[in-house]
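Each remark here refers to the structure printed beneath this line.
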Amino acid sequence: MQVRLADGSKITMQANLDTPLQQVHDHIATVSGVYNFELIGGFPPKPIDLSSTVEKSDLADSTLIQKG
């Protein structure tokens, strides 16, 4: 997955299909140093349900956006 951070920079990360999106959120928070944000993804872009997984949310090979 590619992630566009709130500061405009981009990171690439790998996650298994069964990875909880809360874990993806926590990793992005650690990397960016921003802990209070919303993840946007999919098409059309919409807020991500952190209780779901990468596969269930159809986010494999997608771009996520950190808002906040």
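Residue names in the structure tokens use chain letters A, B, ... in the order shown, residue numbers from 1 in each chain, and ligand numbers from 1 in the order shown.
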
Polymer residues at most 8 Å from stretch 15-24 of chain A, only C-alpha atoms, same-chain spacing of 2 or more positions, as number ranges by chain: A: 1, 13, 26-28, 48-55, 60

As a list in words, list the residues of chain A assigned to strand (DSSP E) by DSSP on the backbone atoms of this structure.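 Taking chain A and keeping strand (DSSP E) gives Gln2, Val3, Arg4, Lys10, Ile11, Thr12, Glu38, Leu39, Ile40, Gly41, Lys46, Pro47, Thr63, Leu64, Ile65, Gln66 and Lys67 of chain A.
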
For A:Ser62: contacts at 12 Å, only C-alpha atoms, fewer than 4 positions along chain excluded, given as number ranges by chain: A: 1-4, 12-15, 40-45, 54-55, 57-58

Every residue of chain A that DSSP places in helix (DSSP H, G or I), as an mmCIF file with N, CA and C atoms, in the first residue's frame:
data_model
loop_
_atom_site.group_PDB
_atom_site.id
_atom_site.type_symbol
_atom_site.label_atom_id
_atom_site.label_comp_id
_atom_site.auth_asym_id
_atom_site.auth_seq_id
_atom_site.Cartn_x
_atom_site.Cartn_y
_atom_site.Cartn_z
ATOM 1 N N LEU A 21 -7.014 -3.236 10.021
ATOM 2 C CA LEU A 21 -6.712 -1.859 9.630
ATOM 3 C C LEU A 21 -6.312 -0.999 10.824
ATOM 4 N N GLN A 22 -6.694 -1.400 12.024
ATOM 5 C CA GLN A 22 -6.215 -0.688 13.217
ATOM 6 C C GLN A 22 -4.695 -0.795 13.312
ATOM 7 N N GLN A 23 -4.146 -1.947 12.946
ATOM 8 C CA GLN A 23 -2.699 -2.143 12.969
ATOM 9 C C GLN A 23 -2.021 -1.274 11.900
ATOM 10 N N VAL A 24 -2.646 -1.156 10.737
ATOM 11 C CA VAL A 24 -2.133 -0.272 9.683
ATOM 12 C C VAL A 24 -2.137 1.173 10.192
ATOM 13 N N HIS A 25 -3.234 1.588 10.809
ATOM 14 C CA HIS A 25 -3.360 2.939 11.379
ATOM 15 C C HIS A 25 -2.257 3.181 12.405
ATOM 16 N N ASP A 26 -2.029 2.230 13.294
ATOM 17 C CA ASP A 26 -1.012 2.383 14.338
ATOM 18 C C ASP A 26 0.391 2.514 13.740
ATOM 19 N N HIS A 27 0.680 1.752 12.688
ATOM 20 C CA HIS A 27 1.984 1.835 12.029
ATOM 21 C C HIS A 27 2.174 3.217 11.405
ATOM 22 N N ILE A 28 1.155 3.705 10.733
ATOM 23 C CA ILE A 28 1.235 5.030 10.116
ATOM 24 C C ILE A 28 1.433 6.103 11.186
ATOM 25 N N ALA A 29 0.750 5.962 12.307
ATOM 26 C CA ALA A 29 0.914 6.918 13.414
ATOM 27 C C ALA A 29 2.350 6.922 13.923
ATOM 28 N N THR A 30 2.938 5.750 14.062
ATOM 29 C CA THR A 30 4.315 5.644 14.537
ATOM 30 C C THR A 30 5.289 6.280 13.549
ATOM 31 N N VAL A 31 5.110 6.003 12.281
ATOM 32 C CA VAL A 31 6.006 6.532 11.248
ATOM 33 C C VAL A 31 5.872 8.049 11.124
ATOM 34 N N SER A 32 4.646 8.551 11.164
ATOM 35 C CA SER A 32 4.417 9.978 10.922
ATOM 36 C C SER A 32 4.557 10.846 12.170
#

What is the distance, in Å and to one decimal place, between atom CA of A:Asn36 and atom CA of A:Leu5?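 About the pair atom CA of A:Asn36 and atom CA of A:Leu5: they are 12.4 Å apart.
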